[in-house]
file model.csv (CSV, N, CA, C and O atoms and all ligand atoms)
chain,number,residue,atom,x,y,z
A,155,MET,N,38.6,-70.2,26.7
A,155,MET,CA,38.9,-69.1,25.7
A,155,MET,C,37.8,-68.8,24.8
A,155,MET,O,37.5,-67.7,24.6
A,156,GLY,N,37.2,-69.9,24.3
A,156,GLY,CA,36.0,-69.7,23.4
A,156,GLY,C,34.9,-69.0,24.1
A,156,GLY,O,34.2,-68.2,23.5
A,157,GLN,N,34.8,-69.2,25.4
A,157,GLN,CA,33.7,-68.6,26.1
A,157,GLN,C,33.9,-67.1,26.2
A,157,GLN,O,33.0,-66.3,26.1
A,158,ILE,N,35.2,-66.7,26.5
A,158,ILE,CA,35.5,-65.3,26.7
A,158,ILE,C,35.2,-64.6,25.3
A,158,ILE,O,34.7,-63.5,25.3
A,159,LEU,N,35.6,-65.3,24.2
A,159,LEU,CA,35.4,-64.7,22.9
A,159,LEU,C,33.9,-64.4,22.6
A,159,LEU,O,33.5,-63.4,22.1
A,160,SER,N,33.1,-65.4,23.0
A,160,SER,CA,31.7,-65.3,22.7
A,160,SER,C,31.1,-64.2,23.6
A,160,SER,O,30.2,-63.5,23.2
A,161,ILE,N,31.6,-64.0,24.8
A,161,ILE,CA,31.1,-62.9,25.7
A,161,ILE,C,31.5,-61.6,25.1
A,161,ILE,O,30.7,-60.7,25.0
A,162,LEU,N,32.8,-61.5,24.6
A,162,LEU,CA,33.2,-60.3,23.9
A,162,LEU,C,32.4,-59.9,22.7
A,162,LEU,O,32.0,-58.8,22.5
A,163,MET,N,32.0,-61.0,22.0
A,163,MET,CA,31.2,-60.8,20.8
A,163,MET,C,29.8,-60.2,21.2
A,163,MET,O,29.3,-59.3,20.6
A,164,ALA,N,29.3,-60.8,22.3
A,164,ALA,CA,28.0,-60.4,22.8
A,164,ALA,C,28.0,-58.9,23.2
A,164,ALA,O,27.1,-58.2,22.9
A,165,VAL,N,29.1,-58.6,23.9
A,165,VAL,CA,29.3,-57.2,24.4
A,165,VAL,C,29.4,-56.2,23.2
A,165,VAL,O,28.7,-55.2,23.1
A,166,MET,N,30.2,-56.7,22.2
A,166,MET,CA,30.3,-55.8,21.0
A,166,MET,C,29.0,-55.6,20.3
A,166,MET,O,28.6,-54.5,19.9
A,167,ALA,N,28.3,-56.7,20.1
A,167,ALA,CA,27.0,-56.7,19.5
A,167,ALA,C,26.0,-55.8,20.2
A,167,ALA,O,25.3,-54.9,19.6
A,168,PHE,N,26.1,-55.9,21.5
A,168,PHE,CA,25.2,-55.0,22.4
A,168,PHE,C,25.5,-53.5,22.1
A,168,PHE,O,24.7,-52.7,22.0
A,169,LEU,N,26.9,-53.3,22.1
A,169,LEU,CA,27.3,-51.9,22.0
A,169,LEU,C,26.9,-51.3,20.6
A,169,LEU,O,26.4,-50.2,20.5
A,170,VAL,N,27.0,-52.1,19.6
A,170,VAL,CA,26.6,-51.7,18.2
A,170,VAL,C,25.1,-51.4,18.2
A,170,VAL,O,24.7,-50.4,17.7
A,171,ILE,N,24.3,-52.4,18.7
A,171,ILE,CA,22.9,-52.2,18.7
A,171,ILE,C,22.5,-51.0,19.5
A,171,ILE,O,21.6,-50.2,19.1
A,172,TYR,N,23.1,-50.8,20.7
A,172,TYR,CA,22.8,-49.7,21.5
A,172,TYR,C,23.1,-48.4,20.8
A,172,TYR,O,22.3,-47.4,20.8
A,173,THR,N,24.3,-48.3,20.2
A,173,THR,CA,24.7,-47.0,19.5
A,173,THR,C,23.7,-46.7,18.4
A,173,THR,O,23.3,-45.6,18.2
A,174,VAL,N,23.4,-47.7,17.6
A,174,VAL,CA,22.5,-47.5,16.5
A,174,VAL,C,21.1,-47.0,17.0
A,174,VAL,O,20.5,-46.1,16.5
A,175,GLY,N,20.7,-47.7,18.1
A,175,GLY,CA,19.4,-47.4,18.7
A,175,GLY,C,19.3,-45.9,19.2
A,175,GLY,O,18.4,-45.2,18.9
A,176,VAL,N,20.4,-45.5,19.8
A,176,VAL,CA,20.5,-44.1,20.4
A,176,VAL,C,20.5,-43.1,19.2
A,176,VAL,O,19.8,-42.1,19.3
A,177,LYS,N,21.2,-43.5,18.1
A,177,LYS,CA,21.2,-42.5,17.0
A,177,LYS,C,19.8,-42.4,16.3
A,177,LYS,O,19.4,-41.4,15.9
A,178,MET,N,19.1,-43.6,16.3
A,178,MET,CA,17.8,-43.5,15.7
A,178,MET,C,16.8,-42.7,16.5
A,178,MET,O,16.1,-41.9,16.0
A,179,MET,N,16.9,-42.9,17.8
A,179,MET,CA,16.1,-42.1,18.7
A,179,MET,C,16.4,-40.6,18.6
A,179,MET,O,15.4,-39.8,18.5
A,180,ALA,N,17.6,-40.3,18.4
A,180,ALA,CA,18.0,-38.9,18.3
A,180,ALA,C,17.5,-38.3,17.0
A,180,ALA,O,17.0,-37.2,17.0
A,181,SER,N,17.5,-39.1,15.9
A,181,SER,CA,17.0,-38.6,14.7
A,181,SER,C,15.5,-38.4,14.7
A,181,SER,O,14.9,-37.6,14.0
A,182,PHE,N,14.8,-39.3,15.5
A,182,PHE,CA,13.4,-39.2,15.6
A,182,PHE,C,12.9,-38.0,16.4
A,182,PHE,O,12.0,-37.3,16.0
A,183,SER,N,13.7,-37.7,17.5
A,183,SER,CA,13.3,-36.6,18.3
A,183,SER,C,13.7,-35.3,17.8
A,183,SER,O,13.2,-34.3,18.3
A,184,ARG,N,14.5,-35.3,16.8
A,184,ARG,CA,15.0,-34.0,16.2
A,184,ARG,C,13.8,-33.5,15.3
A,184,ARG,O,13.5,-34.0,14.3
A,185,SER,N,13.2,-32.4,15.7
A,185,SER,CA,12.1,-31.8,14.9
A,185,SER,C,12.5,-30.5,14.4
A,185,SER,O,13.4,-29.8,14.9
A,186,PRO,N,11.9,-30.1,13.3
A,186,PRO,CA,12.3,-28.8,12.7
A,186,PRO,C,12.0,-27.7,13.6
A,186,PRO,O,11.1,-27.8,14.4
A,187,PRO,N,12.8,-26.6,13.6
A,187,PRO,CA,12.5,-25.5,14.5
A,187,PRO,C,11.2,-24.8,14.2
A,187,PRO,O,10.7,-24.8,13.1
A,188,PRO,N,10.5,-24.4,15.3
A,188,PRO,CA,9.2,-23.8,15.1
A,188,PRO,C,9.3,-22.5,14.3
A,188,PRO,O,10.3,-21.8,14.4
A,189,PRO,N,8.2,-22.1,13.6
A,189,PRO,CA,8.3,-20.9,12.8
A,189,PRO,C,8.3,-19.7,13.7
A,189,PRO,O,7.7,-19.8,14.8
A,190,PRO,N,8.8,-18.6,13.3
A,190,PRO,CA,8.8,-17.4,14.2
A,190,PRO,C,7.4,-16.9,14.4
A,190,PRO,O,6.5,-17.2,13.5
A,191,PRO,N,7.1,-16.1,15.4
A,191,PRO,CA,5.8,-15.6,15.6
A,191,PRO,C,5.3,-14.8,14.4
A,191,PRO,O,6.1,-14.2,13.7
A,192,ASP,N,4.0,-14.7,14.3
A,192,ASP,CA,3.4,-14.1,13.1
A,192,ASP,C,3.9,-12.6,12.9
A,192,ASP,O,4.1,-12.2,11.7
A,193,GLY,N,4.2,-11.9,13.9
A,193,GLY,CA,4.6,-10.5,13.8
A,193,GLY,C,6.0,-10.4,13.2
A,193,GLY,O,6.3,-9.3,12.6
A,194,GLU,N,6.8,-11.5,13.3
A,194,GLU,CA,8.1,-11.4,12.7
A,194,GLU,C,8.2,-11.7,11.3
A,194,GLU,O,9.2,-11.6,10.6
A,195,LEU,N,7.1,-12.2,10.7
A,195,LEU,CA,7.1,-12.6,9.3
A,195,LEU,C,6.8,-11.4,8.4
A,195,LEU,O,6.0,-10.5,8.8
A,196,ARG,N,7.5,-11.3,7.3
A,196,ARG,CA,7.2,-10.2,6.4
A,196,ARG,C,6.1,-10.6,5.4
A,196,ARG,O,6.1,-11.7,5.0
A,197,LYS,N,5.3,-9.6,5.1
A,197,LYS,CA,4.3,-9.9,4.1
A,197,LYS,C,5.0,-9.7,2.7
A,197,LYS,O,5.6,-8.7,2.4
A,198,VAL,N,4.9,-10.7,1.9
A,198,VAL,CA,5.5,-10.7,0.6
A,198,VAL,C,4.4,-11.1,-0.4
A,198,VAL,O,3.4,-11.7,-0.1
A,199,ARG,N,4.7,-10.8,-1.6
A,199,ARG,CA,3.8,-11.2,-2.7
A,199,ARG,C,4.7,-11.7,-3.9
A,199,ARG,O,5.0,-10.9,-4.8
A,200,MET,N,5.1,-12.9,-3.7
A,200,MET,CA,6.0,-13.4,-4.7
A,200,MET,C,5.4,-14.6,-5.4
A,200,MET,O,4.8,-15.4,-4.8
A,201,THR,N,5.6,-14.7,-6.7
A,201,THR,CA,5.1,-15.8,-7.5
A,201,THR,C,6.3,-16.6,-8.0
A,201,THR,O,7.2,-16.1,-8.6
A,202,PHE,N,6.3,-17.9,-7.7
A,202,PHE,CA,7.4,-18.8,-8.1
A,202,PHE,C,6.8,-19.7,-9.1
A,202,PHE,O,5.7,-20.2,-9.0
A,203,GLN,N,7.6,-20.1,-10.1
A,203,GLN,CA,7.1,-21.1,-11.1
A,203,GLN,C,8.2,-22.1,-11.3
A,203,GLN,O,9.4,-21.9,-11.3
A,204,CYS,N,7.7,-23.4,-11.4
A,204,CYS,CA,8.6,-24.5,-11.6
A,204,CYS,C,8.9,-24.5,-13.1
A,204,CYS,O,8.0,-24.5,-13.9
A,205,GLN,N,10.2,-24.6,-13.4
A,205,GLN,CA,10.6,-24.6,-14.8
A,205,GLN,C,10.4,-25.9,-15.5
A,205,GLN,O,10.5,-26.1,-16.7
A,206,SER,N,10.1,-26.9,-14.7
A,206,SER,CA,9.9,-28.3,-15.2
A,206,SER,C,8.5,-28.6,-15.5
A,206,SER,O,8.1,-29.0,-16.6
A,207,CYS,N,7.6,-28.4,-14.5
A,207,CYS,CA,6.2,-28.8,-14.7
A,207,CYS,C,5.2,-27.6,-14.8
A,207,CYS,O,4.1,-27.8,-15.0
A,208,GLY,N,5.7,-26.4,-14.6
A,208,GLY,CA,4.9,-25.2,-14.8
A,208,GLY,C,4.1,-24.8,-13.6
A,208,GLY,O,3.3,-23.9,-13.6
A,209,THR,N,4.2,-25.5,-12.5
A,209,THR,CA,3.5,-25.2,-11.3
A,209,THR,C,3.8,-23.8,-10.8
A,209,THR,O,5.0,-23.4,-10.8
A,210,GLU,N,2.8,-23.0,-10.5
A,210,GLU,CA,3.0,-21.7,-9.9
A,210,GLU,C,2.6,-21.7,-8.4
A,210,GLU,O,1.6,-22.2,-8.1
A,211,VAL,N,3.4,-21.0,-7.6
A,211,VAL,CA,3.2,-20.9,-6.2
A,211,VAL,C,3.3,-19.5,-5.8
A,211,VAL,O,4.2,-18.8,-6.2
A,212,ARG,N,2.3,-19.0,-5.0
A,212,ARG,CA,2.4,-17.6,-4.5
A,212,ARG,C,2.8,-17.6,-3.1
A,212,ARG,O,2.2,-18.3,-2.3
A,213,MET,N,3.9,-16.9,-2.7
A,213,MET,CA,4.3,-16.8,-1.4
A,213,MET,C,3.8,-15.5,-0.8
A,213,MET,O,3.9,-14.5,-1.3
A,214,THR,N,3.1,-15.6,0.4
A,214,THR,CA,2.5,-14.4,1.0
A,214,THR,C,3.2,-14.0,2.2
A,214,THR,O,3.0,-12.9,2.7
A,215,LYS,N,3.9,-14.9,2.9
A,215,LYS,CA,4.6,-14.6,4.1
A,215,LYS,C,5.9,-15.3,4.1
A,215,LYS,O,6.0,-16.4,3.6
A,216,ALA,N,6.9,-14.6,4.6
A,216,ALA,CA,8.3,-15.2,4.7
A,216,ALA,C,9.0,-14.6,5.8
A,216,ALA,O,8.7,-13.5,6.3
A,217,PRO,N,10.0,-15.3,6.4
A,217,PRO,CA,10.7,-14.8,7.5
A,217,PRO,C,11.7,-13.6,7.1
A,217,PRO,O,12.2,-12.9,7.9
A,218,GLU,N,11.9,-13.5,5.8
A,218,GLU,CA,12.7,-12.4,5.3
A,218,GLU,C,12.1,-11.9,4.0
A,218,GLU,O,11.3,-12.5,3.4
A,219,THR,N,12.5,-10.7,3.5
A,219,THR,CA,11.9,-10.1,2.3
A,219,THR,C,12.4,-10.7,1.1
A,219,THR,O,11.8,-10.6,0.0
A,220,ASN,N,13.5,-11.4,1.1
A,220,ASN,CA,14.0,-12.1,-0.1
A,220,ASN,C,14.3,-13.5,0.2
A,220,ASN,O,15.5,-13.9,0.2
A,221,PRO,N,13.3,-14.3,0.4
A,221,PRO,CA,13.5,-15.7,0.8
A,221,PRO,C,13.9,-16.6,-0.4
A,221,PRO,O,13.7,-16.2,-1.5
A,222,ASP,N,14.4,-17.7,-0.1
A,222,ASP,CA,14.6,-18.7,-1.1
A,222,ASP,C,13.3,-19.3,-1.6
A,222,ASP,O,12.4,-19.4,-0.9
A,223,GLY,N,13.3,-19.6,-2.9
A,223,GLY,CA,12.0,-20.1,-3.5
A,223,GLY,C,11.8,-21.5,-3.0
A,223,GLY,O,12.7,-22.2,-2.6
A,224,PRO,N,10.5,-22.0,-3.1
A,224,PRO,CA,10.2,-23.4,-2.8
A,224,PRO,C,10.8,-24.3,-3.8
A,224,PRO,O,11.2,-23.9,-4.9
A,225,SER,N,10.8,-25.6,-3.5
A,225,SER,CA,11.4,-26.5,-4.4
A,225,SER,C,10.3,-27.4,-5.1
A,225,SER,O,9.3,-27.7,-4.5
A,226,CYS,N,10.4,-27.7,-6.3
A,226,CYS,CA,9.5,-28.6,-7.0
A,226,CYS,C,10.3,-29.4,-8.1
A,226,CYS,O,11.3,-28.8,-8.6
A,227,CYS,N,10.0,-30.6,-8.3
A,227,CYS,CA,10.7,-31.4,-9.3
A,227,CYS,C,12.2,-31.4,-9.0
A,227,CYS,O,13.0,-31.3,-9.9
A,228,MET,N,12.5,-31.5,-7.8
A,228,MET,CA,13.9,-31.7,-7.3
A,228,MET,C,14.7,-30.4,-7.6
A,228,MET,O,16.0,-30.5,-7.7
A,229,GLN,N,14.1,-29.3,-7.9
A,229,GLN,CA,14.9,-28.1,-8.2
A,229,GLN,C,14.2,-26.9,-7.6
A,229,GLN,O,13.0,-26.9,-7.3
A,230,GLU,N,14.9,-25.8,-7.4
A,230,GLU,CA,14.3,-24.6,-6.9
A,230,GLU,C,13.5,-23.9,-7.9
A,230,GLU,O,13.8,-23.8,-9.1
A,231,MET,N,12.3,-23.5,-7.4
A,231,MET,CA,11.4,-22.8,-8.4
A,231,MET,C,11.9,-21.4,-8.7
A,231,MET,O,12.5,-20.7,-7.8
A,232,GLU,N,11.6,-20.9,-9.8
A,232,GLU,CA,12.1,-19.6,-10.3
A,232,GLU,C,11.1,-18.5,-9.9
A,232,GLU,O,9.9,-18.6,-10.1
A,233,LEU,N,11.7,-17.4,-9.5
A,233,LEU,CA,10.9,-16.2,-9.1
A,233,LEU,C,10.4,-15.5,-10.4
A,233,LEU,O,11.2,-15.1,-11.2
A,234,VAL,N,9.1,-15.5,-10.7
A,234,VAL,CA,8.6,-14.9,-11.9
A,234,VAL,C,7.9,-13.5,-11.6
A,234,VAL,O,7.8,-12.7,-12.5
A,235,HIS,N,7.5,-13.3,-10.4
A,235,HIS,CA,6.8,-12.0,-10.1
A,235,HIS,C,7.1,-11.7,-8.6
A,235,HIS,O,7.0,-12.5,-7.8
A,236,ASN,N,7.4,-10.4,-8.4
A,236,ASN,CA,7.7,-10.0,-7.0
A,236,ASN,C,7.2,-8.6,-6.8
A,236,ASN,O,7.8,-7.6,-7.3
A,237,SER,N,6.1,-8.4,-6.2
A,237,SER,CA,5.6,-7.0,-5.9
A,237,SER,C,5.4,-6.9,-4.4
A,237,SER,O,4.5,-7.6,-3.9
A,238,GLU,N,6.1,-6.0,-3.8
A,238,GLU,CA,6.0,-5.9,-2.3
A,238,GLU,C,4.8,-4.9,-2.1
A,238,GLU,O,4.6,-4.0,-2.8
A,239,GLU,N,4.1,-5.3,-1.0
A,239,GLU,CA,2.9,-4.5,-0.7
A,239,GLU,C,3.3,-3.3,0.1
A,239,GLU,O,4.1,-3.4,1.0
B,1,ZN,ZN,7.6,-29.0,-10.8
call {"tool": "encode", "arguments": {"input": "model.csv", "output": "structure tokens"}}
result
Amino acid sequence: MGQILSILMAVMAFLVIYTVGVKMMASFSRSPPPPPPDGELRKVRMTFQCQSCGTEVRMTKAPETNPDGPSCCMQEMELVHNSEE
């Protein structure tokens, strides 16, 4: 009886390790989607500023004309200037 129990335990342990391993492999192989081709990007001229540290970032290309701002200091940067060319 004890032998069957230890075999069951071994099978359970194997299944757990196998499942975790497969999940880890899946998360490793999952890569972000590739950016759209250059022709599909809109030319923008937007300036974002971080309200916490004052960093300013200029966005020159975006997949849409009104994209979300980049993040800095764990928050979204604020749009301070937007002039479309
Ligand atoms: Zn910041």
call {"tool": "residues_near_ligand", "arguments": {"input": "model.csv", "ligand": "ligand ZN 1 (chain B)", "cutoff": "7 Å", "atoms": "only N, CA, C and O atoms and all ligand atoms", "output": "ChimeraX atom specification"}}
result
/A:203-209,225-229
call {"tool": "atom_distance", "arguments": {"input": "model.csv", "atom1": "atom CA of A:Pro221", "atom2": "atom CA of A:Ser185"}}
result
21.4 Å
call {"tool": "select_by_dssp", "arguments": {"input": "model.csv", "residues": "chain A", "states": "alpha helix (DSSP H)", "output": "list in words"}}
result
Gly156, Gln157, Ile158, Leu159, Ser160, Ile161, Leu162, Met163, Ala164, Val165, Met166, Ala167, Phe168, Leu169, Val170, Ile171, Tyr172, Thr173, Val174, Gly175, Val176, Lys177, Met178, Met179, Ala180, Ser181, Phe182 and Ser183 of chain A
call {"tool": "atom_distance", "arguments": {"input": "model.csv", "atom1": "atom C of A:Thr214", "atom2": "atom O of A:Ser237"}}
result
8.9 Å
call {"tool": "atom_distance", "arguments": {"input": "model.csv", "atom1": "atom O of A:Val170", "atom2": "atom O of A:Gly156"}}
result
21.0 Å
call {"tool": "residues_around", "arguments": {"input": "model.csv", "residues": "A:Val198", "least_positions_apart": "3", "cutoff": "8 Å", "atoms": "all atoms listed in the file", "output": "MDAnalysis selection string"}}
result
chainID A and resid 195 201 212:216 218:219 235:239
call {"tool": "select_by_dssp", "arguments": {"input": "model.csv", "residues": "chain A", "states": "strand (DSSP E)", "output": "list in words"}}
result
Arg196, Lys197, Val198, Arg199, Met200, Thr201, Phe202, Gln203, Glu210, Val211, Arg212, Met213, Thr214, Lys215, Ala216, Ser225, Cys226, Gln229, Glu230, Glu232, Leu233, Val234, His235 and Asn236 of chain A
call {"tool": "decode", "arguments": {"input": "model.csv", "residues": "stretch 183-216 of chain A", "atoms": "N, CA and C atoms", "output": "PDB file, in the first residue's frame"}}
result
ATOM      1  N   SER A 183       8.191  31.890 -24.640  1.00  0.00           N
ATOM      2  CA  SER A 183       8.090  31.962 -26.095  1.00  0.00           C
ATOM      3  C   SER A 183       7.107  33.036 -26.541  1.00  0.00           C
ATOM      4  N   ARG A 184       6.290  33.546 -25.601  1.00  0.00           N
ATOM      5  CA  ARG A 184       5.332  34.578 -25.973  1.00  0.00           C
ATOM      6  C   ARG A 184       6.060  35.911 -26.138  1.00  0.00           C
ATOM      7  N   SER A 185       6.163  36.400 -27.335  1.00  0.00           N
ATOM      8  CA  SER A 185       6.868  37.652 -27.578  1.00  0.00           C
ATOM      9  C   SER A 185       5.858  38.710 -28.005  1.00  0.00           C
ATOM     10  N   PRO A 186       6.182  39.973 -27.779  1.00  0.00           N
ATOM     11  CA  PRO A 186       5.247  41.034 -28.170  1.00  0.00           C
ATOM     12  C   PRO A 186       5.036  41.033 -29.674  1.00  0.00           C
ATOM     13  N   PRO A 187       3.865  41.473 -30.130  1.00  0.00           N
ATOM     14  CA  PRO A 187       3.606  41.472 -31.575  1.00  0.00           C
ATOM     15  C   PRO A 187       4.536  42.433 -32.284  1.00  0.00           C
ATOM     16  N   PRO A 188       4.942  42.115 -33.493  1.00  0.00           N
ATOM     17  CA  PRO A 188       5.864  43.007 -34.218  1.00  0.00           C
ATOM     18  C   PRO A 188       5.166  44.303 -34.579  1.00  0.00           C
ATOM     19  N   PRO A 189       5.918  45.389 -34.661  1.00  0.00           N
ATOM     20  CA  PRO A 189       5.289  46.673 -35.025  1.00  0.00           C
ATOM     21  C   PRO A 189       4.794  46.622 -36.460  1.00  0.00           C
ATOM     22  N   PRO A 190       3.775  47.406 -36.776  1.00  0.00           N
ATOM     23  CA  PRO A 190       3.271  47.418 -38.155  1.00  0.00           C
ATOM     24  C   PRO A 190       4.318  48.010 -39.077  1.00  0.00           C
ATOM     25  N   PRO A 191       4.246  47.719 -40.370  1.00  0.00           N
ATOM     26  CA  PRO A 191       5.229  48.280 -41.311  1.00  0.00           C
ATOM     27  C   PRO A 191       5.219  49.800 -41.277  1.00  0.00           C
ATOM     28  N   ASP A 192       6.363  50.381 -41.670  1.00  0.00           N
ATOM     29  CA  ASP A 192       6.570  51.814 -41.533  1.00  0.00           C
ATOM     30  C   ASP A 192       5.461  52.625 -42.197  1.00  0.00           C
ATOM     31  N   GLY A 193       4.946  52.153 -43.305  1.00  0.00           N
ATOM     32  CA  GLY A 193       3.929  52.901 -44.036  1.00  0.00           C
ATOM     33  C   GLY A 193       2.622  53.028 -43.272  1.00  0.00           C
ATOM     34  N   GLU A 194       2.386  52.112 -42.337  1.00  0.00           N
ATOM     35  CA  GLU A 194       1.128  52.151 -41.596  1.00  0.00           C
ATOM     36  C   GLU A 194       1.200  53.061 -40.379  1.00  0.00           C
ATOM     37  N   LEU A 195       2.397  53.539 -40.058  1.00  0.00           N
ATOM     38  CA  LEU A 195       2.540  54.404 -38.891  1.00  0.00           C
ATOM     39  C   LEU A 195       2.227  55.841 -39.264  1.00  0.00           C
ATOM     40  N   ARG A 196       1.541  56.534 -38.370  1.00  0.00           N
ATOM     41  CA  ARG A 196       1.233  57.946 -38.601  1.00  0.00           C
ATOM     42  C   ARG A 196       2.378  58.787 -38.067  1.00  0.00           C
ATOM     43  N   LYS A 197       2.688  59.838 -38.803  1.00  0.00           N
ATOM     44  CA  LYS A 197       3.668  60.795 -38.298  1.00  0.00           C
ATOM     45  C   LYS A 197       2.951  61.710 -37.313  1.00  0.00           C
ATOM     46  N   VAL A 198       3.463  61.771 -36.125  1.00  0.00           N
ATOM     47  CA  VAL A 198       2.872  62.655 -35.126  1.00  0.00           C
ATOM     48  C   VAL A 198       3.982  63.507 -34.527  1.00  0.00           C
ATOM     49  N   ARG A 199       3.590  64.550 -33.884  1.00  0.00           N
ATOM     50  CA  ARG A 199       4.568  65.377 -33.178  1.00  0.00           C
ATOM     51  C   ARG A 199       3.945  65.721 -31.829  1.00  0.00           C
ATOM     52  N   MET A 200       4.131  64.824 -30.929  1.00  0.00           N
ATOM     53  CA  MET A 200       3.490  64.990 -29.629  1.00  0.00           C
ATOM     54  C   MET A 200       4.554  65.025 -28.545  1.00  0.00           C
ATOM     55  N   THR A 201       4.381  65.900 -27.599  1.00  0.00           N
ATOM     56  CA  THR A 201       5.317  65.983 -26.483  1.00  0.00           C
ATOM     57  C   THR A 201       4.598  65.569 -25.207  1.00  0.00           C
ATOM     58  N   PHE A 202       5.174  64.609 -24.544  1.00  0.00           N
ATOM     59  CA  PHE A 202       4.610  64.140 -23.288  1.00  0.00           C
ATOM     60  C   PHE A 202       5.550  64.525 -22.152  1.00  0.00           C
ATOM     61  N   GLN A 203       4.964  64.843 -21.027  1.00  0.00           N
ATOM     62  CA  GLN A 203       5.787  65.179 -19.869  1.00  0.00           C
ATOM     63  C   GLN A 203       5.337  64.377 -18.665  1.00  0.00           C
ATOM     64  N   CYS A 204       6.324  63.898 -17.927  1.00  0.00           N
ATOM     65  CA  CYS A 204       6.029  63.177 -16.692  1.00  0.00           C
ATOM     66  C   CYS A 204       5.740  64.195 -15.592  1.00  0.00           C
ATOM     67  N   GLN A 205       4.607  64.026 -14.943  1.00  0.00           N
ATOM     68  CA  GLN A 205       4.208  64.979 -13.907  1.00  0.00           C
ATOM     69  C   GLN A 205       4.988  64.759 -12.607  1.00  0.00           C
ATOM     70  N   SER A 206       5.717  63.657 -12.530  1.00  0.00           N
ATOM     71  CA  SER A 206       6.467  63.382 -11.296  1.00  0.00           C
ATOM     72  C   SER A 206       7.907  63.880 -11.376  1.00  0.00           C
ATOM     73  N   CYS A 207       8.605  63.527 -12.476  1.00  0.00           N
ATOM     74  CA  CYS A 207      10.033  63.855 -12.520  1.00  0.00           C
ATOM     75  C   CYS A 207      10.350  64.880 -13.605  1.00  0.00           C
ATOM     76  N   GLY A 208       9.371  65.270 -14.408  1.00  0.00           N
ATOM     77  CA  GLY A 208       9.586  66.323 -15.388  1.00  0.00           C
ATOM     78  C   GLY A 208      10.181  65.864 -16.710  1.00  0.00           C
ATOM     79  N   THR A 209      10.397  64.570 -16.867  1.00  0.00           N
ATOM     80  CA  THR A 209      10.944  64.058 -18.120  1.00  0.00           C
ATOM     81  C   THR A 209      10.010  64.390 -19.282  1.00  0.00           C
ATOM     82  N   GLU A 210      10.576  64.886 -20.358  1.00  0.00           N
ATOM     83  CA  GLU A 210       9.779  65.134 -21.549  1.00  0.00           C
ATOM     84  C   GLU A 210      10.168  64.168 -22.649  1.00  0.00           C
ATOM     85  N   VAL A 211       9.171  63.681 -23.347  1.00  0.00           N
ATOM     86  CA  VAL A 211       9.398  62.734 -24.428  1.00  0.00           C
ATOM     87  C   VAL A 211       8.648  63.220 -25.650  1.00  0.00           C
ATOM     88  N   ARG A 212       9.301  63.181 -26.810  1.00  0.00           N
ATOM     89  CA  ARG A 212       8.608  63.558 -28.044  1.00  0.00           C
ATOM     90  C   ARG A 212       8.328  62.298 -28.851  1.00  0.00           C
ATOM     91  N   MET A 213       7.068  62.135 -29.199  1.00  0.00           N
ATOM     92  CA  MET A 213       6.666  60.994 -30.009  1.00  0.00           C
ATOM     93  C   MET A 213       6.572  61.451 -31.454  1.00  0.00           C
ATOM     94  N   THR A 214       7.252  60.733 -32.337  1.00  0.00           N
ATOM     95  CA  THR A 214       7.265  61.150 -33.738  1.00  0.00           C
ATOM     96  C   THR A 214       6.511  60.195 -34.651  1.00  0.00           C
ATOM     97  N   LYS A 215       6.307  58.977 -34.174  1.00  0.00           N
ATOM     98  CA  LYS A 215       5.559  58.006 -34.968  1.00  0.00           C
ATOM     99  C   LYS A 215       4.672  57.207 -34.053  1.00  0.00           C
ATOM    100  N   ALA A 216       3.459  56.908 -34.520  1.00  0.00           N
ATOM    101  CA  ALA A 216       2.537  56.125 -33.719  1.00  0.00           C
ATOM    102  C   ALA A 216       1.620  55.335 -34.641  1.00  0.00           C
TER     103      ALA A 216
END
